[in-house]
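Asks: Input: one structure, supplied below.
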Amino acid sequence: MPISKKIVQNLQNASWIRVMFEEGARLSKIHGADKVYDFTIGNPSVEPPAAFKAELKKLADNPIPGMHRYMSNAGYSETRQAVATVLSEDSGLDFTEENVVMTVGAGGALNAVLKTILDPGDEVIILTPFFVEYKFYLDNHGGIPKVVSTREDFQLDIPTIEEAIGPKTKGIIINTPNNPTGVVYDAQSLGELGSMLKKKETELGTDIYVISDEPYAKISYDGIKVPSIFKYIDNSILVTSYSKDLALPGERIGYLAVSPKVKDLALVMEGMTFSNRTLGYVNAPALMQRLVTNLQRESVNIDEYQEKRDILYNNLTEMGFKMIKPQGAFYLFPESPIPDDVEFVKAAQKYNLLLVPGSGFGKPGYFRISYCIDKQVILNSLPAFRELAKEFGLS
C-alpha cells in the first residue's frame, strides 16, 4: 500500500464538510452557482474591516527593513504584547508577551498545545457536538479522545464531565461560541467547571488543562459577551485565530495563550514554543503578525451575521424545524426531521441545498447550516427549505 493504513482509515472518516463542499462544486457545474445553496463551510464571505486594509497599505507604502525575515519562534514581541494587553483587560490577570505564542491559525495552536502536554495514551475530553478535526489532532500526538455529551441545550454537563475524568485525563477541549451549535458557555458554567476540576486534580494528584478554542469569540449576539476562560479556570489555555473576526481564514494567523496561574509556566511556554517550531510551522506568518498587532479590538460587522442568523432562524422555525437559537458564531444546528441525518442531508440535495450531517460532529440526528455566506443566497434558498420541510411533513 503506497500510504499508511492509518491515513487510509482517516480518509474514509474524513470531514463531511469537505465532502459536501465538493458536492456543491459538482452541482454548481450542473445547475449554475446561483441555483445551488451551499451552507457547508465556515468560509466568511465578508471582507476584512477597513482598519485591516489601512494597516496593509501602511506596511506596503512604508516597508520595515527585514520585515520578512525569521523572528523569535514565539512571534514578534510587539504582537504578543498587544495580545497580552487585551487578555489582561478581559481577564483581570497579569498577562505579558511571555504568555503568548503566535501560531499558524487556531489549528496550529491546538497542535502545538497537544504536542506539549500529551504523552501517548493520555486522554482528552471532547464535548459533543465537536469540531470535526479534534480527533485527528489528538491522534497526531498520541492522545485518546474521550467523547462526552453536552446537555440538551448544548451547554456544559458538569456531572457528566466529572464522571468521565480519570487518572489519564490530561485535558478538556471546549469550543465557545460553539461550532456547530452557536452556543456560548456562560460564566456560571465555566465557574462550576473550574471548581469541579480543582477538586478532581486534588483527588487524582494530576493537572488537567482546559483548552478553550475560541475563533468565534468576537462573534456573539443579543448583547451576550463571551466570558474570559482565564477568570474561571486556573489551568487554562486559549487557542484562537483571526480567521473569523477579521475574515482572514486564508492567512492562517492565530495564537495560543496560557494562564499566568498555570504551574511551571516558564517550562510550559518553552514547550509550546518548541512544539510550534518542531511541528514545522517554525513561525506564524511575519506579515500577518505585523498586520494584526494593532487590530486586537477590531472585527467584521457582527450585525450582518446577526441579521443572517435571524432570517434563517425565524424562517426555519416557522417551517417547523427545531433548533437552539445561536448566541454566537455563524452556524445553526437544527434537529433532523428523521433519525438518519445523513439520509436527510442527501434528500436536501434534491433541492440544491448543501448541509452537513450532525454525525460529522459526533451528534447524529442533527444537521449544520453555515450562514457566513451572502444574504441574497440565504433569501434565495428559503423556497427550497420550504419544499424540503414539506417533504418531511413539517409545519
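We label chains A, B, ... in the order they appear in the C-alpha cells, count residues from 1 in each chain, and number ligands from 1 in the order shown.
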Neighbouring residues of range 159-173 of chain A were defined as those with any atom within 6 Å, considering only C-alpha atoms; residues of the same chain fewer than 5 positions away were excluded. Please report them as a PyMOL selection string.

Replies: chain A and resi 122-126+208-212

Asks: Run DSSP on the backbone of this structure and report the residues of range 174-308 of chain A it assigns to helix (DSSP H, G or I), as a ChimeraX atom specification.

Replies: /A:187-204,229-231,249-251,265-278,286-292,302-308

Asks: Can you check which residues of range 92-313 of chain A DSSP gives as strand (DSSP E) on the backbone and send them as a PyMOL selection string?

Replies: chain A and resi 100-103+123-128+144-149+169-175+209-213+236-241+254-258

Asks: Keeping N, CA and C atoms for every residue in the selection just given, could you write it to a file as an mmCIF file, in the first residue's frame?

Replies:
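Done, and the output landed in again.cif:
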data_model
loop_
_atom_site.group_PDB
_atom_site.id
_atom_site.type_symbol
_atom_site.label_atom_id
_atom_site.label_comp_id
_atom_site.auth_asym_id
_atom_site.auth_seq_id
_atom_site.Cartn_x
_atom_site.Cartn_y
_atom_site.Cartn_z
ATOM 1 N N VAL A 100 2.240 34.238 25.557
ATOM 2 C CA VAL A 100 1.621 34.160 24.236
ATOM 3 C C VAL A 100 2.599 33.599 23.210
ATOM 4 N N VAL A 101 2.106 32.722 22.348
ATOM 5 C CA VAL A 101 2.847 32.255 21.177
ATOM 6 C C VAL A 101 1.976 32.496 19.953
ATOM 7 N N MET A 102 2.492 33.212 18.967
ATOM 8 C CA MET A 102 1.775 33.407 17.709
ATOM 9 C C MET A 102 1.875 32.128 16.887
ATOM 10 N N THR A 103 0.766 31.725 16.258
ATOM 11 C CA THR A 103 0.695 30.412 15.617
ATOM 12 C C THR A 103 0.090 30.486 14.218
ATOM 13 N N GLU A 123 -5.558 10.971 27.949
ATOM 14 C CA GLU A 123 -6.927 11.194 27.476
ATOM 15 C C GLU A 123 -7.276 12.677 27.478
ATOM 16 N N VAL A 124 -8.040 13.075 26.478
ATOM 17 C CA VAL A 124 -8.568 14.432 26.401
ATOM 18 C C VAL A 124 -10.066 14.342 26.151
ATOM 19 N N ILE A 125 -10.835 15.008 26.985
ATOM 20 C CA ILE A 125 -12.294 15.015 26.849
ATOM 21 C C ILE A 125 -12.686 16.011 25.768
ATOM 22 N N ILE A 126 -13.528 15.564 24.841
ATOM 23 C CA ILE A 126 -14.119 16.459 23.847
ATOM 24 C C ILE A 126 -15.639 16.332 23.950
ATOM 25 N N LEU A 127 -16.321 17.431 23.738
ATOM 26 C CA LEU A 127 -17.748 17.514 24.029
ATOM 27 C C LEU A 127 -18.570 17.513 22.751
ATOM 28 N N THR A 128 -19.577 16.642 22.692
ATOM 29 C CA THR A 128 -20.435 16.599 21.512
ATOM 30 C C THR A 128 -21.485 17.706 21.580
ATOM 31 N N ILE A 144 -5.827 10.207 23.374
ATOM 32 C CA ILE A 144 -7.031 9.387 23.248
ATOM 33 C C ILE A 144 -8.244 10.282 23.501
ATOM 34 N N PRO A 145 -9.147 10.428 22.516
ATOM 35 C CA PRO A 145 -10.338 11.238 22.749
ATOM 36 C C PRO A 145 -11.333 10.510 23.636
ATOM 37 N N LYS A 146 -11.877 11.210 24.593
ATOM 38 C CA LYS A 146 -12.950 10.672 25.425
ATOM 39 C C LYS A 146 -14.158 11.572 25.164
ATOM 40 N N VAL A 147 -15.135 11.044 24.436
ATOM 41 C CA VAL A 147 -16.269 11.850 23.975
ATOM 42 C C VAL A 147 -17.344 11.902 25.054
ATOM 43 N N VAL A 148 -17.762 13.113 25.403
ATOM 44 C CA VAL A 148 -18.737 13.350 26.468
ATOM 45 C C VAL A 148 -19.861 14.211 25.917
ATOM 46 N N SER A 149 -21.089 13.879 26.263
ATOM 47 C CA SER A 149 -22.247 14.625 25.782
ATOM 48 C C SER A 149 -22.419 15.938 26.536
ATOM 49 N N THR A 169 -6.661 11.489 32.395
ATOM 50 C CA THR A 169 -7.220 12.698 31.788
ATOM 51 C C THR A 169 -6.202 13.833 31.875
ATOM 52 N N LYS A 170 -5.812 14.358 30.727
ATOM 53 C CA LYS A 170 -4.831 15.455 30.698
ATOM 54 C C LYS A 170 -5.474 16.785 30.310
ATOM 55 N N GLY A 171 -6.643 16.732 29.671
ATOM 56 C CA GLY A 171 -7.235 17.981 29.239
ATOM 57 C C GLY A 171 -8.683 17.833 28.821
ATOM 58 N N ILE A 172 -9.321 18.981 28.667
ATOM 59 C CA ILE A 172 -10.677 19.082 28.132
ATOM 60 C C ILE A 172 -10.648 20.178 27.081
ATOM 61 N N ILE A 173 -11.164 19.896 25.905
ATOM 62 C CA ILE A 173 -11.287 20.932 24.878
ATOM 63 C C ILE A 173 -12.718 21.443 24.893
ATOM 64 N N ILE A 174 -12.858 22.753 25.087
ATOM 65 C CA ILE A 174 -14.166 23.375 24.930
ATOM 66 C C ILE A 174 -14.090 24.360 23.771
ATOM 67 N N ASN A 175 -15.226 24.639 23.182
ATOM 68 C CA ASN A 175 -15.292 25.498 21.989
ATOM 69 C C ASN A 175 -16.468 26.445 22.164
ATOM 70 N N TYR A 209 -5.759 20.387 32.035
ATOM 71 C CA TYR A 209 -5.852 21.659 31.330
ATOM 72 C C TYR A 209 -7.203 21.792 30.627
ATOM 73 N N VAL A 210 -7.777 22.983 30.703
ATOM 74 C CA VAL A 210 -8.927 23.306 29.864
ATOM 75 C C VAL A 210 -8.407 24.124 28.687
ATOM 76 N N ILE A 211 -8.586 23.579 27.495
ATOM 77 C CA ILE A 211 -8.134 24.236 26.267
ATOM 78 C C ILE A 211 -9.377 24.822 25.604
ATOM 79 N N SER A 212 -9.452 26.138 25.590
ATOM 80 C CA SER A 212 -10.643 26.813 25.068
ATOM 81 C C SER A 212 -10.369 27.302 23.651
ATOM 82 N N ASP A 213 -11.087 26.716 22.724
ATOM 83 C CA ASP A 213 -10.937 27.005 21.294
ATOM 84 C C ASP A 213 -11.930 28.111 20.936
ATOM 85 N N SER A 236 -5.784 26.955 32.438
ATOM 86 C CA SER A 236 -6.495 27.214 31.186
ATOM 87 C C SER A 236 -5.556 27.714 30.099
ATOM 88 N N ILE A 237 -5.882 27.308 28.875
ATOM 89 C CA ILE A 237 -5.116 27.687 27.688
ATOM 90 C C ILE A 237 -6.114 28.121 26.624
ATOM 91 N N LEU A 238 -5.895 29.278 26.060
ATOM 92 C CA LEU A 238 -6.749 29.796 24.989
ATOM 93 C C LEU A 238 -6.061 29.566 23.647
ATOM 94 N N VAL A 239 -6.817 29.031 22.681
ATOM 95 C CA VAL A 239 -6.326 28.968 21.301
ATOM 96 C C VAL A 239 -7.345 29.682 20.421
ATOM 97 N N THR A 240 -6.847 30.462 19.482
ATOM 98 C CA THR A 240 -7.771 31.224 18.645
ATOM 99 C C THR A 240 -7.091 31.633 17.349
ATOM 100 N N SER A 241 -7.860 32.275 16.489
ATOM 101 C CA SER A 241 -7.322 32.787 15.240
ATOM 102 C C SER A 241 -8.057 34.067 14.873
ATOM 103 N N GLY A 254 -2.974 33.099 14.062
ATOM 104 C CA GLY A 254 -3.662 32.960 15.336
ATOM 105 C C GLY A 254 -2.660 32.983 16.472
ATOM 106 N N TYR A 255 -3.097 32.545 17.650
ATOM 107 C CA TYR A 255 -2.168 32.490 18.785
ATOM 108 C C TYR A 255 -2.688 31.523 19.835
ATOM 109 N N LEU A 256 -1.784 31.126 20.713
ATOM 110 C CA LEU A 256 -2.151 30.423 21.939
ATOM 111 C C LEU A 256 -1.706 31.286 23.106
ATOM 112 N N ALA A 257 -2.470 31.238 24.186
ATOM 113 C CA ALA A 257 -2.142 31.997 25.391
ATOM 114 C C ALA A 257 -2.381 31.116 26.607
ATOM 115 N N VAL A 258 -1.448 31.134 27.533
ATOM 116 C CA VAL A 258 -1.506 30.276 28.722
ATOM 117 C C VAL A 258 -1.710 31.144 29.952
#

Asks: I'd like a table as a tab-separated table: residues in range 153-250 of chain A with an atom no more than 12 Å from range 371-386 of chain A, each row giving the shortest atom pair and its distance in Å to one decimal, only C-alpha atoms counted, sorted by chain and rising residue number.

Replies:
residue	atom	partner	partner_atom	distance
A:Pro180	CA	A:Tyr371	CA	11.2
A:Gly182	CA	A:Tyr371	CA	11.3
A:Tyr216	CA	A:Cys372	CA	12.0
A:Ile219	CA	A:Cys372	CA	11.3
A:Lys244	CA	A:Cys372	CA	9.5
A:Asp245	CA	A:Cys372	CA	11.6
A:Ala247	CA	A:Cys372	CA	10.2

Asks: Do you know which residues are at most 9 Å from range 298-304 of chain A counting only C-alpha atoms, after dropping those on the same chain fewer than 2 positions away, and could you put them as number ranges by chain?

Replies: A: 46-52, 218-221, 242, 244-247, 294-296, 306-309, 375

Asks: Kindly save the residues from that selection, with C-alpha atoms included, as a short mmCIF file (atom, residue, chain, number, x, y, z; two decimals), in the first residue's frame.

Replies:
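Now in again_33.cif:
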data_model
loop_
_atom_site.label_atom_id
_atom_site.label_comp_id
_atom_site.auth_asym_id
_atom_site.auth_seq_id
_atom_site.Cartn_x
_atom_site.Cartn_y
_atom_site.Cartn_z
CA VAL A 46 -17.44 39.29 4.19
CA GLU A 47 -14.29 41.31 3.59
CA PRO A 48 -11.78 42.24 6.32
CA PRO A 49 -12.54 45.51 8.15
CA ALA A 50 -11.27 48.85 6.86
CA ALA A 51 -8.67 49.01 9.65
CA PHE A 52 -7.01 45.87 8.27
CA LYS A 218 -15.97 38.27 18.96
CA ILE A 219 -18.98 36.99 17.03
CA SER A 220 -21.77 36.99 19.62
CA TYR A 221 -25.32 38.32 19.52
CA TYR A 242 -8.21 35.92 13.31
CA LYS A 244 -13.47 34.72 11.63
CA ASP A 245 -13.40 38.05 13.46
CA LEU A 246 -11.14 39.71 10.86
CA ALA A 247 -12.29 37.48 7.96
CA ASN A 294 -2.88 47.00 16.10
CA LEU A 295 -6.18 45.22 15.36
CA GLN A 296 -6.84 43.40 18.62
CA GLN A 306 -26.94 38.55 13.35
CA GLU A 307 -29.25 39.61 10.51
CA LYS A 308 -28.46 36.40 8.62
CA ARG A 309 -28.99 34.33 11.76
CA LYS A 375 -27.50 37.31 2.40
#

Asks: For Phe136 in chain A, please output as a list in words all residues within 12 Å (counting only C-alpha atoms; exclusion window: fewer than 3 positions along the same chain).

Replies: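 Listing them by chain and then by number gives Lys6, Ile7, Gln9, Asn10, Leu11, Asn13, Ala14, Ser15, Gly107, Leu110, Asn111, Leu114, Phe131, Val132, Glu133, Asp139, Asn140, His141, Gly142, Gly143, Ile144 and Pro145 of chain A.
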
Asks: Keeping only N, CA and C atoms, write the selected residues to a file as a PDB file, in the first residue's frame.

Replies:
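Heads up, here's the output in again-v8.pdb:
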ATOM      1  N   LYS A   6      -3.179   3.940   8.577  1.00  0.00           N
ATOM      2  CA  LYS A   6      -3.887   4.920   9.398  1.00  0.00           C
ATOM      3  C   LYS A   6      -4.464   6.041   8.540  1.00  0.00           C
ATOM      4  N   ILE A   7      -3.682   6.525   7.580  1.00  0.00           N
ATOM      5  CA  ILE A   7      -4.167   7.611   6.719  1.00  0.00           C
ATOM      6  C   ILE A   7      -5.306   7.117   5.826  1.00  0.00           C
ATOM      7  N   GLN A   9      -7.457   4.862   6.662  1.00  0.00           N
ATOM      8  CA  GLN A   9      -8.626   4.828   7.548  1.00  0.00           C
ATOM      9  C   GLN A   9      -9.150   6.245   7.811  1.00  0.00           C
ATOM     10  N   ASN A  10      -8.236   7.177   8.030  1.00  0.00           N
ATOM     11  CA  ASN A  10      -8.655   8.558   8.286  1.00  0.00           C
ATOM     12  C   ASN A  10      -9.346   9.176   7.074  1.00  0.00           C
ATOM     13  N   LEU A  11      -8.863   8.827   5.888  1.00  0.00           N
ATOM     14  CA  LEU A  11      -9.505   9.344   4.681  1.00  0.00           C
ATOM     15  C   LEU A  11     -10.944   8.859   4.577  1.00  0.00           C
ATOM     16  N   ASN A  13     -12.829   8.311   7.050  1.00  0.00           N
ATOM     17  CA  ASN A  13     -13.593   9.021   8.073  1.00  0.00           C
ATOM     18  C   ASN A  13     -13.468  10.539   7.939  1.00  0.00           C
ATOM     19  N   ALA A  14     -13.006  10.977   6.781  1.00  0.00           N
ATOM     20  CA  ALA A  14     -12.681  12.394   6.602  1.00  0.00           C
ATOM     21  C   ALA A  14     -13.917  13.271   6.721  1.00  0.00           C
ATOM     22  N   SER A  15     -13.644  14.540   6.808  1.00  0.00           N
ATOM     23  CA  SER A  15     -14.657  15.532   7.130  1.00  0.00           C
ATOM     24  C   SER A  15     -15.840  15.530   6.171  1.00  0.00           C
ATOM     25  N   GLY A 107      -5.756  25.986  14.388  1.00  0.00           N
ATOM     26  CA  GLY A 107      -5.358  24.587  14.213  1.00  0.00           C
ATOM     27  C   GLY A 107      -3.903  24.384  14.589  1.00  0.00           C
ATOM     28  N   LEU A 110      -3.699  24.572  18.426  1.00  0.00           N
ATOM     29  CA  LEU A 110      -4.159  23.357  19.091  1.00  0.00           C
ATOM     30  C   LEU A 110      -3.119  22.238  19.006  1.00  0.00           C
ATOM     31  N   ASN A 111      -2.518  22.094  17.849  1.00  0.00           N
ATOM     32  CA  ASN A 111      -1.500  21.051  17.695  1.00  0.00           C
ATOM     33  C   ASN A 111      -0.274  21.328  18.551  1.00  0.00           C
ATOM     34  N   LEU A 114      -1.298  20.435  22.173  1.00  0.00           N
ATOM     35  CA  LEU A 114      -1.426  18.993  22.404  1.00  0.00           C
ATOM     36  C   LEU A 114      -0.068  18.304  22.366  1.00  0.00           C
ATOM     37  N   PHE A 131     -15.943  20.150  16.905  1.00  0.00           N
ATOM     38  CA  PHE A 131     -15.282  20.460  15.637  1.00  0.00           C
ATOM     39  C   PHE A 131     -14.627  19.191  15.104  1.00  0.00           C
ATOM     40  N   VAL A 132     -14.826  18.925  13.831  1.00  0.00           N
ATOM     41  CA  VAL A 132     -14.523  17.612  13.267  1.00  0.00           C
ATOM     42  C   VAL A 132     -13.053  17.217  13.344  1.00  0.00           C
ATOM     43  N   GLU A 133     -12.140  18.183  13.412  1.00  0.00           N
ATOM     44  CA  GLU A 133     -10.721  17.841  13.363  1.00  0.00           C
ATOM     45  C   GLU A 133     -10.125  17.477  14.725  1.00  0.00           C
ATOM     46  N   ASP A 139      -4.944  12.428  17.630  1.00  0.00           N
ATOM     47  CA  ASP A 139      -4.211  11.285  17.083  1.00  0.00           C
ATOM     48  C   ASP A 139      -2.793  11.679  16.666  1.00  0.00           C
ATOM     49  N   ASN A 140      -2.632  12.915  16.201  1.00  0.00           N
ATOM     50  CA  ASN A 140      -1.298  13.386  15.808  1.00  0.00           C
ATOM     51  C   ASN A 140      -0.288  13.242  16.943  1.00  0.00           C
ATOM     52  N   HIS A 141      -0.762  13.316  18.191  1.00  0.00           N
ATOM     53  CA  HIS A 141       0.147  13.402  19.335  1.00  0.00           C
ATOM     54  C   HIS A 141      -0.077  12.289  20.349  1.00  0.00           C
ATOM     55  N   GLY A 142      -0.713  11.202  19.894  1.00  0.00           N
ATOM     56  CA  GLY A 142      -0.891  10.034  20.748  1.00  0.00           C
ATOM     57  C   GLY A 142      -1.968  10.176  21.798  1.00  0.00           C
ATOM     58  N   GLY A 143      -2.803  11.205  21.672  1.00  0.00           N
ATOM     59  CA  GLY A 143      -3.874  11.405  22.636  1.00  0.00           C
ATOM     60  C   GLY A 143      -5.085  10.545  22.338  1.00  0.00           C
ATOM     61  N   ILE A 144      -5.827  10.207  23.374  1.00  0.00           N
ATOM     62  CA  ILE A 144      -7.031   9.387  23.248  1.00  0.00           C
ATOM     63  C   ILE A 144      -8.244  10.282  23.501  1.00  0.00           C
ATOM     64  N   PRO A 145      -9.147  10.428  22.516  1.00  0.00           N
ATOM     65  CA  PRO A 145     -10.338  11.238  22.749  1.00  0.00           C
ATOM     66  C   PRO A 145     -11.333  10.510  23.636  1.00  0.00           C
TER      67      PRO A 145
END

Asks: Measuring between only C-alpha atoms, which one of A:Leu279, A:Leu204, A:Ile229, A:Leu354 shows the shortest distance to Ala109 in chain A?

Replies: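 Using only C-alpha atoms, the shortest distance to Ala109 in chain A belongs to A:Leu279.
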